[in-house]
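Trainee: Supplied structure: structure_10.pdb, PDB, C-alpha atoms.
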ATOM      1  CA  MET A   1      13.643  -3.096 -27.010
ATOM      2  CA  ALA A   2      15.732  -3.516 -30.185
ATOM      3  CA  ALA A   3      19.080  -1.762 -30.311
ATOM      4  CA  ASP A   4      19.199   1.447 -32.339
ATOM      5  CA  GLU A   5      21.506   0.552 -35.249
ATOM      6  CA  THR A   6      21.389   3.997 -36.859
ATOM      7  CA  PRO A   7      24.745   5.839 -36.802
ATOM      8  CA  LYS A   8      23.475   8.145 -34.046
ATOM      9  CA  GLY A   9      22.178   5.181 -32.036
ATOM     10  CA  ARG A  10      25.501   3.364 -32.369
ATOM     11  CA  ILE A  11      27.337   6.471 -31.194
ATOM     12  CA  LEU A  12      25.125   6.811 -28.126
ATOM     13  CA  THR A  13      25.469   3.124 -27.255
ATOM     14  CA  ALA A  14      29.248   3.320 -27.582
ATOM     15  CA  ALA A  15      29.337   6.573 -25.611
ATOM     16  CA  VAL A  16      27.475   5.029 -22.665
ATOM     17  CA  GLN A  17      29.929   2.141 -22.622
ATOM     18  CA  GLN A  18      32.953   4.432 -22.807
ATOM     19  CA  LEU A  19      31.634   6.732 -20.095
ATOM     20  CA  LYS A  20      31.100   3.784 -17.751
ATOM     21  CA  ARG A  21      34.511   2.346 -18.567
ATOM     22  CA  HIS A  22      36.659   5.495 -18.463
ATOM     23  CA  GLY A  23      34.691   8.154 -16.595
ATOM     24  CA  ILE A  24      34.242  11.767 -17.686
ATOM     25  CA  ARG A  25      37.910  12.745 -17.432
ATOM     26  CA  LYS A  26      39.148  10.022 -19.778
ATOM     27  CA  PHE A  27      36.090   9.984 -22.010
ATOM     28  CA  THR A  28      37.094  10.860 -25.597
ATOM     29  CA  VAL A  29      35.250  11.182 -28.882
ATOM     30  CA  VAL A  30      38.040   9.183 -30.545
ATOM     31  CA  ASP A  31      37.361   6.203 -28.247
ATOM     32  CA  VAL A  32      33.615   6.496 -28.829
ATOM     33  CA  ALA A  33      34.118   6.558 -32.588
ATOM     34  CA  GLU A  34      36.355   3.502 -32.482
ATOM     35  CA  ALA A  35      33.846   1.591 -30.339
ATOM     36  CA  ALA A  36      31.051   2.602 -32.740
ATOM     37  CA  GLY A  37      33.077   1.485 -35.765
ATOM     38  CA  MET A  38      33.441   4.882 -37.400
ATOM     39  CA  THR A  39      35.838   7.804 -37.642
ATOM     40  CA  HIS A  40      35.681  10.564 -35.059
ATOM     41  CA  PRO A  41      34.834  13.250 -37.673
ATOM     42  CA  ASN A  42      31.710  11.196 -38.344
ATOM     43  CA  VAL A  43      30.724  11.485 -34.663
ATOM     44  CA  TYR A  44      30.919  15.271 -35.011
ATOM     45  CA  ARG A  45      28.313  15.102 -37.777
ATOM     46  CA  TYR A  46      25.795  14.173 -35.084
ATOM     47  CA  PHE A  47      27.233  15.842 -31.964
ATOM     48  CA  THR A  48      29.102  19.122 -32.208
ATOM     49  CA  SER A  49      31.349  18.475 -29.214
ATOM     50  CA  LYS A  50      32.185  15.996 -26.480
ATOM     51  CA  ALA A  51      30.001  18.022 -24.103
ATOM     52  CA  ALA A  52      27.064  17.774 -26.526
ATOM     53  CA  LEU A  53      27.511  14.009 -26.707
ATOM     54  CA  ILE A  54      27.592  13.662 -22.928
ATOM     55  CA  ASP A  55      24.540  15.919 -22.632
ATOM     56  CA  ALA A  56      22.705  13.610 -25.052
ATOM     57  CA  LEU A  57      23.485  10.673 -22.749
ATOM     58  CA  VAL A  58      22.159  12.642 -19.773
ATOM     59  CA  THR A  59      19.017  13.548 -21.718
ATOM     60  CA  ASN A  60      18.356   9.885 -22.496
ATOM     61  CA  TRP A  61      18.899   8.940 -18.857
ATOM     62  CA  LEU A  62      16.481  11.628 -17.641
ATOM     63  CA  LYS A  63      13.705  10.721 -20.081
ATOM     64  CA  PRO A  64      12.188   7.800 -18.082
ATOM     65  CA  LEU A  65      12.074   9.936 -14.933
ATOM     66  CA  GLU A  66      10.411  12.792 -16.777
ATOM     67  CA  GLU A  67       7.871  10.403 -18.283
ATOM     68  CA  ARG A  68       7.156   8.946 -14.836
ATOM     69  CA  ILE A  69       6.540  12.430 -13.443
ATOM     70  CA  GLU A  70       4.198  13.258 -16.336
ATOM     71  CA  MET A  71       2.198  10.118 -15.564
ATOM     72  CA  VAL A  72       1.823  11.222 -11.950
ATOM     73  CA  VAL A  73       0.644  14.670 -13.066
ATOM     74  CA  GLY A  74      -2.093  13.117 -15.194
ATOM     75  CA  ALA A  75      -3.156  10.536 -12.617
ATOM     76  CA  PRO A  76      -6.544  10.850 -10.847
ATOM     77  CA  ASP A  77      -4.900  10.732  -7.387
ATOM     78  CA  PRO A  78      -5.364  13.398  -4.696
ATOM     79  CA  VAL A  79      -3.052  16.390  -5.095
ATOM     80  CA  PRO A  80      -1.051  15.773  -1.879
ATOM     81  CA  ASP A  81      -0.382  12.192  -2.994
ATOM     82  CA  LYS A  82       0.792  13.387  -6.401
ATOM     83  CA  LEU A  83       3.187  15.923  -4.909
ATOM     84  CA  GLU A  84       4.611  13.330  -2.544
ATOM     85  CA  ARG A  85       5.056  10.767  -5.324
ATOM     86  CA  MET A  86       6.811  13.317  -7.532
ATOM     87  CA  VAL A  87       9.329  14.391  -4.916
ATOM     88  CA  VAL A  88      10.037  10.799  -3.880
ATOM     89  CA  ALA A  89      10.445   9.690  -7.513
ATOM     90  CA  ILE A  90      12.998  12.417  -8.238
ATOM     91  CA  SER A  91      14.924  11.766  -5.029
ATOM     92  CA  ARG A  92      15.070   8.009  -5.552
ATOM     93  CA  ALA A  93      15.991   8.274  -9.240
ATOM     94  CA  TYR A  94      18.919  10.551  -8.437
ATOM     95  CA  ARG A  95      20.072   8.386  -5.550
ATOM     96  CA  ALA A  96      19.842   5.194  -7.604
ATOM     97  CA  ALA A  97      21.871   6.764 -10.400
ATOM     98  CA  ARG A  98      24.525   7.925  -7.941
ATOM     99  CA  VAL A  99      25.102   4.273  -6.986
ATOM    100  CA  GLU A 100      24.280   2.386 -10.195
ATOM    101  CA  GLU A 101      25.438   4.867 -12.863
ATOM    102  CA  PRO A 102      27.934   7.111 -11.039
ATOM    103  CA  GLU A 103      29.689   8.492 -14.124
ATOM    104  CA  LEU A 104      26.417   9.413 -15.802
ATOM    105  CA  PHE A 105      25.092  11.013 -12.624
ATOM    106  CA  ALA A 106      28.357  12.930 -12.208
ATOM    107  CA  ALA A 107      27.894  14.210 -15.773
ATOM    108  CA  PHE A 108      24.390  15.372 -14.822
ATOM    109  CA  VAL A 109      25.706  17.150 -11.724
ATOM    110  CA  THR A 110      28.403  18.836 -13.823
ATOM    111  CA  ALA A 111      25.833  19.941 -16.398
ATOM    112  CA  THR A 112      23.621  21.297 -13.612
ATOM    113  CA  ALA A 113      26.494  23.234 -12.019
ATOM    114  CA  ALA A 114      27.346  24.747 -15.407
ATOM    115  CA  SER A 115      23.658  25.467 -16.119
ATOM    116  CA  ARG A 116      23.895  23.749 -19.465
ATOM    117  CA  ALA A 117      20.812  23.368 -21.641
ATOM    118  CA  VAL A 118      20.191  19.725 -20.665
ATOM    119  CA  SER A 119      19.875  20.607 -16.977
ATOM    120  CA  ARG A 120      17.874  23.782 -17.609
ATOM    121  CA  LYS A 121      15.360  21.862 -19.726
ATOM    122  CA  HIS A 122      15.047  19.122 -17.125
ATOM    123  CA  ARG A 123      14.529  21.618 -14.335
ATOM    124  CA  ALA A 124      11.936  23.494 -16.406
ATOM    125  CA  ARG A 125      10.022  20.251 -17.061
ATOM    126  CA  MET A 126      10.046  19.345 -13.381
ATOM    127  CA  ARG A 127       8.944  22.810 -12.294
ATOM    128  CA  ARG A 128       6.164  22.803 -14.898
ATOM    129  CA  ALA A 129       4.963  19.428 -13.607
ATOM    130  CA  PHE A 130       4.839  20.690 -10.022
ATOM    131  CA  ALA A 131       3.131  23.878 -11.190
ATOM    132  CA  LEU A 132       0.376  21.902 -12.917
ATOM    133  CA  VAL A 133      -0.361  19.836  -9.814
ATOM    134  CA  ILE A 134      -0.225  22.853  -7.523
ATOM    135  CA  ASP A 135      -2.593  24.741  -9.836
ATOM    136  CA  GLU A 136      -4.903  21.739  -9.664
ATOM    137  CA  GLY A 137      -4.769  21.856  -5.875
ATOM    138  CA  ILE A 138      -5.401  25.595  -5.735
ATOM    139  CA  GLY A 139      -8.295  25.320  -8.177
ATOM    140  CA  ALA A 140      -9.883  22.537  -6.149
ATOM    141  CA  GLY A 141      -9.395  24.414  -2.877
ATOM    142  CA  VAL A 142      -7.082  21.707  -1.572
ATOM    143  CA  ILE A 143      -4.043  23.989  -1.273
ATOM    144  CA  GLY A 144      -4.526  26.933   1.040
ATOM    145  CA  MET A 145      -2.179  29.306  -0.795
ATOM    146  CA  ARG A 146      -3.591  31.187  -3.746
ATOM    147  CA  GLU A 147      -0.196  32.016  -5.257
ATOM    148  CA  ARG A 148       1.304  29.118  -7.171
ATOM    149  CA  ALA A 149       4.875  30.478  -7.026
ATOM    150  CA  ARG A 150       4.743  30.751  -3.246
ATOM    151  CA  ALA A 151       3.270  27.269  -2.830
ATOM    152  CA  GLN A 152       5.807  25.759  -5.204
ATOM    153  CA  ALA A 153       8.697  27.476  -3.444
ATOM    154  CA  LEU A 154       7.494  26.216  -0.067
ATOM    155  CA  LEU A 155       7.432  22.617  -1.251
ATOM    156  CA  LEU A 156      10.610  22.559  -3.318
ATOM    157  CA  ASP A 157      12.668  24.630  -0.884
ATOM    158  CA  SER A 158      11.642  22.297   1.933
ATOM    159  CA  CYS A 159      12.727  19.236  -0.049
ATOM    160  CA  TRP A 160      15.707  20.777  -1.840
ATOM    161  CA  ARG A 161      18.218  18.773   0.153
ATOM    162  CA  PHE A 162      16.754  15.556  -1.293
ATOM    163  CA  ILE A 163      16.265  16.614  -4.938
ATOM    164  CA  ASP A 164      19.287  18.822  -5.634
ATOM    165  CA  PRO A 165      21.746  16.763  -7.746
ATOM    166  CA  ALA A 166      24.865  18.129  -6.050
ATOM    167  CA  SER A 167      23.427  17.439  -2.588
ATOM    168  CA  VAL A 168      22.454  13.912  -3.599
ATOM    169  CA  LEU A 169      25.969  13.313  -4.952
ATOM    170  CA  ALA A 170      27.489  14.406  -1.647
ATOM    171  CA  GLU A 171      25.079  12.320   0.468
ATOM    172  CA  SER A 172      26.585   9.659   2.723
ATOM    173  CA  ASP A 173      23.494   8.370   4.585
ATOM    174  CA  ASP A 174      21.885   5.102   3.548
ATOM    175  CA  GLY A 175      18.577   4.839   1.696
ATOM    176  CA  ALA A 176      16.439   3.929   4.695
ATOM    177  CA  SER A 177      17.665   6.928   6.678
ATOM    178  CA  LEU A 178      17.079   9.275   3.763
ATOM    179  CA  ASP A 179      13.604   7.896   3.091
ATOM    180  CA  GLY A 180      12.655   8.516   6.720
ATOM    181  CA  ARG A 181      13.990  12.058   6.703
ATOM    182  CA  LEU A 182      12.328  12.867   3.393
ATOM    183  CA  GLU A 183       9.021  11.467   4.638
ATOM    184  CA  ARG A 184       9.103  13.778   7.678
ATOM    185  CA  VAL A 185      10.055  16.823   5.601
ATOM    186  CA  LEU A 186       7.336  16.111   3.045
ATOM    187  CA  GLU A 187       4.710  15.634   5.736
ATOM    188  CA  ALA A 188       5.547  19.009   7.277
ATOM    189  CA  ALA A 189       5.620  20.798   3.916
ATOM    190  CA  LEU A 190       2.324  19.317   2.758
ATOM    191  CA  GLN A 191       0.643  20.156   6.055
ATOM    192  CA  ARG A 192       1.627  23.781   5.529
ATOM    193  CA  LEU A 193       0.375  23.750   1.937
ATOM    194  CA  LEU A 194      -3.002  22.362   2.992
ATOM    195  CA  ARG A 195      -3.628  24.969   5.670
ATOM    196  CA  ARG A 196      -6.489  27.363   5.076
ATOM    197  CA  ASP A 197      -5.175  30.345   7.035
ATOM    198  CA  PHE A 198      -2.875  31.804   4.360
ATOM    199  CA  THR A 199      -3.759  35.361   3.367
ATOM    200  CA  ALA A 200      -1.871  35.371   0.057
TER
END
Take the structure in this file and express it as C-alpha cells.
Mentor:
Amino acid sequence: MAADETPKGRILTAAVQQLKRHGIRKFTVVDVAEAAGMTHPNVYRYFTSKAALIDALVTNWLKPLEERIEMVVGAPDPVPDKLERMVVAISRAYRAARVEEPELFAAFVTATAASRAVSRKHRARMRRAFALVIDEGIGAGVIGMRERARAQALLLDSCWRFIDPASVLAESDDGASLDGRLERVLEAALQRLLRRDFTA
C-alpha cells in the first residue's frame, strides 16, 4: 500500500515512529512535527491535542481487527463457530500488540481506562458485532436464551479475562497456556449458551 503523503498522513506516520521510539511519556507534538517536516502549529490544524493524535493512532491500529470481526459476523459459519472466532481474534490481537507494539497497546489501555471516545467506539463496535451474531443464534433457535443481553453478558463475562485490555497488558503467561485456558472457558460458555432449558 502506498504511503499517505497528505499532511495528515505524514503526521500519523511520524507519530507512529515517535511513539515507538520515545513511548507515551516522552512523546511530543513538537517531535512529531519535526519528523513530519512541518511546524507543530500545523499539526494542531489536524489534531487538537496530543491525546487526539495518539487516539488517531489507536483508531488506525484497531481498524483491521474491527474489519476482521465484521467479516466473521457476515460469514455463513455456524453461530457457535462465529462467537469462538470473534473472541479468539480479539484476544490474540491484543496479545500480539502487547508484544509487538507495546507503546501503542499501552496507549489503548490508557484510553480504555480513561473511557475516551476511541475506546468507547471500539467497545460499542465489538458489542454490536456480538449482538448481531447472538441475535442470529436466538432467531435460529441455536442459542437457548431468548434475551440477547443476558446471552451476551454470559459469553463476554466468561471471557473477560482474555479480552480486557488491562488484563491482557498485565498477563505473564505464554501464548500456548493462554490459548488452552481460553479454549476451555469458551467451550464452557458456549455449552451454556446452547442449552435449551433456560426460562428467560
Trainee: Could you tell me which of A:Ala51, A:Leu132, A:Met38, A:Val87 comes closest to Arg68 (chain A) if we count all atoms listed in the file?
Mentor: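 Smallest separation from Arg68 (chain A) among the options: A:Val87.
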Trainee: Restricting the calculation to only C-alpha atoms: of A:Leu19, A:Val43, A:Ala52, A:Leu193, which residue gets closest to Ala117 (chain A)?
Mentor: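 Smallest separation from Ala117 (chain A) among the options: A:Ala52.
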Trainee: Quick one: of A:Ala170, A:Ala36, A:Ile143, A:Ala97, who's nearest to Arg192 (chain A), counting only C-alpha atoms?
Mentor: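 When distances to Arg192 (chain A) are compared using only C-alpha atoms, the smallest one comes from A:Ile143.
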Trainee: Mind pulling up the distance from CA of Arg146 (chain A) to CA of Pro78 (chain A)?
Mentor: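 CA of Pro78 (chain A) sits 17.9 Å away from CA of Arg146 (chain A).
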Trainee: Rounded to one decimal in Å, what is the spacing between CA of Ala56 (chain A) and CA of Gly37 (chain A)?
Mentor: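 We find that CA of Ala56 (chain A) and CA of Gly37 (chain A) lie 19.2 Å from each other.
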Trainee: If I take CA of Asp164 (chain A) and CA of Val185 (chain A), how far is one from the other in Å, to one decimal?
Mentor: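 Computing it gives 14.7 Å between the two atoms.
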Trainee: If we count all atoms listed in the file and set the cut-off at 9 Å, which residues sit around Gln17 (chain A), ignoring sequence neighbours fewer than 4 positions away in its own chain? Please answer as a PyMOL selection string.
Mentor: chain A and resi 12-13+21-22+32+35
Trainee: A:Pro165, A:Pro41, A:Pro80, A:Gly139: which is nearest Ala188 (chain A), counting only C-alpha atoms?
Mentor: A:Pro80
Trainee: Just say which residues the PyMOL selection byres ((chain A and resi 149) around 12) picks in this file, as a compact mmCIF listing (two decimals) with C-alpha atoms, in the coordinates of the input.
Mentor:
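Output saved as result24.txt:
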# COMPACT_ATOMS: atom_id res chain seq x y z
CA ARG A 127 8.94 22.81 -12.29
CA ARG A 128 6.16 22.80 -14.90
CA PHE A 130 4.84 20.69 -10.02
CA ALA A 131 3.13 23.88 -11.19
CA LEU A 132 0.38 21.90 -12.92
CA ILE A 134 -0.22 22.85 -7.52
CA ASP A 135 -2.59 24.74 -9.84
CA ILE A 138 -5.40 25.60 -5.74
CA MET A 145 -2.18 29.31 -0.80
CA ARG A 146 -3.59 31.19 -3.75
CA GLU A 147 -0.20 32.02 -5.26
CA ARG A 148 1.30 29.12 -7.17
CA ARG A 150 4.74 30.75 -3.25
CA ALA A 151 3.27 27.27 -2.83
CA GLN A 152 5.81 25.76 -5.20
CA ALA A 153 8.70 27.48 -3.44
CA LEU A 154 7.49 26.22 -0.07
CA LEU A 155 7.43 22.62 -1.25
CA LEU A 156 10.61 22.56 -3.32
CA ASP A 157 12.67 24.63 -0.88
CA ALA A 200 -1.87 35.37 0.06
Trainee: Check the smallest atom-to-atom distance from each of A:Leu182, A:Leu53, A:Val73, A:Ala107 to Gly137 (chain A) using all atoms listed in the file, then report the winner.
Mentor: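 Using all atoms listed in the file, Gly137 (chain A) sits closest to A:Val73.
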Trainee: Can you list, as a ChimeraX atom specification, every protein, DNA or RNA residue that comes within 12 Å of Glu171 (chain A) when you count all atoms listed in the file, leaving out same-chain residues fewer than 4 positions away?
Mentor: /A:91,94-96,98-99,161-167,175,177-178
Trainee: Print the selection's residues with C-alpha atoms to a file, as a PDB file, keeping the file's coordinate frame.
Mentor:
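What follows is the written file result.pdb:
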ATOM      1  CA  SER A  91      14.924  11.766  -5.029  1.00  0.00           C
ATOM      2  CA  TYR A  94      18.919  10.551  -8.437  1.00  0.00           C
ATOM      3  CA  ARG A  95      20.072   8.386  -5.550  1.00  0.00           C
ATOM      4  CA  ALA A  96      19.842   5.194  -7.604  1.00  0.00           C
ATOM      5  CA  ARG A  98      24.525   7.925  -7.941  1.00  0.00           C
ATOM      6  CA  VAL A  99      25.102   4.273  -6.986  1.00  0.00           C
ATOM      7  CA  ARG A 161      18.218  18.773   0.153  1.00  0.00           C
ATOM      8  CA  PHE A 162      16.754  15.556  -1.293  1.00  0.00           C
ATOM      9  CA  ILE A 163      16.265  16.614  -4.938  1.00  0.00           C
ATOM     10  CA  ASP A 164      19.287  18.822  -5.634  1.00  0.00           C
ATOM     11  CA  PRO A 165      21.746  16.763  -7.746  1.00  0.00           C
ATOM     12  CA  ALA A 166      24.865  18.129  -6.050  1.00  0.00           C
ATOM     13  CA  SER A 167      23.427  17.439  -2.588  1.00  0.00           C
ATOM     14  CA  GLY A 175      18.577   4.839   1.696  1.00  0.00           C
ATOM     15  CA  SER A 177      17.665   6.928   6.678  1.00  0.00           C
ATOM     16  CA  LEU A 178      17.079   9.275   3.763  1.00  0.00           C
TER      17      LEU A 178
END
Trainee: Between A:Val29, A:Ala111, A:Val79, A:Lys50, which is the closest to Ala140 (chain A) once you count all atoms listed in the file?
Mentor: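 For Ala140 (chain A), the nearest of the given residues is A:Val79.
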Trainee: Evaluate the PyMOL selection byres ((chain A and resi 116) around 12) and record the selected residues as a PyMOL selection string, following the chain and residue labels used in the document.
Mentor: chain A and resi 51-52+54-56+58-59+107-115+117-123
Trainee: The PyMOL selection byres ((chain A and resi 67) around 12) - which residues does that actually catch in the file I just gave you? List them as a list in words.
Mentor: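 Evaluating the PyMOL selection byres ((chain A and resi 67) around 12) on this file yields Asn60, Trp61, Leu62, Lys63, Pro64, Leu65, Glu66, Arg68, Ile69, Glu70, Met71, Val72, Val73, Gly74, Met86, Ala89, Ile90, His122, Arg125, Met126 and Ala129 of chain A.
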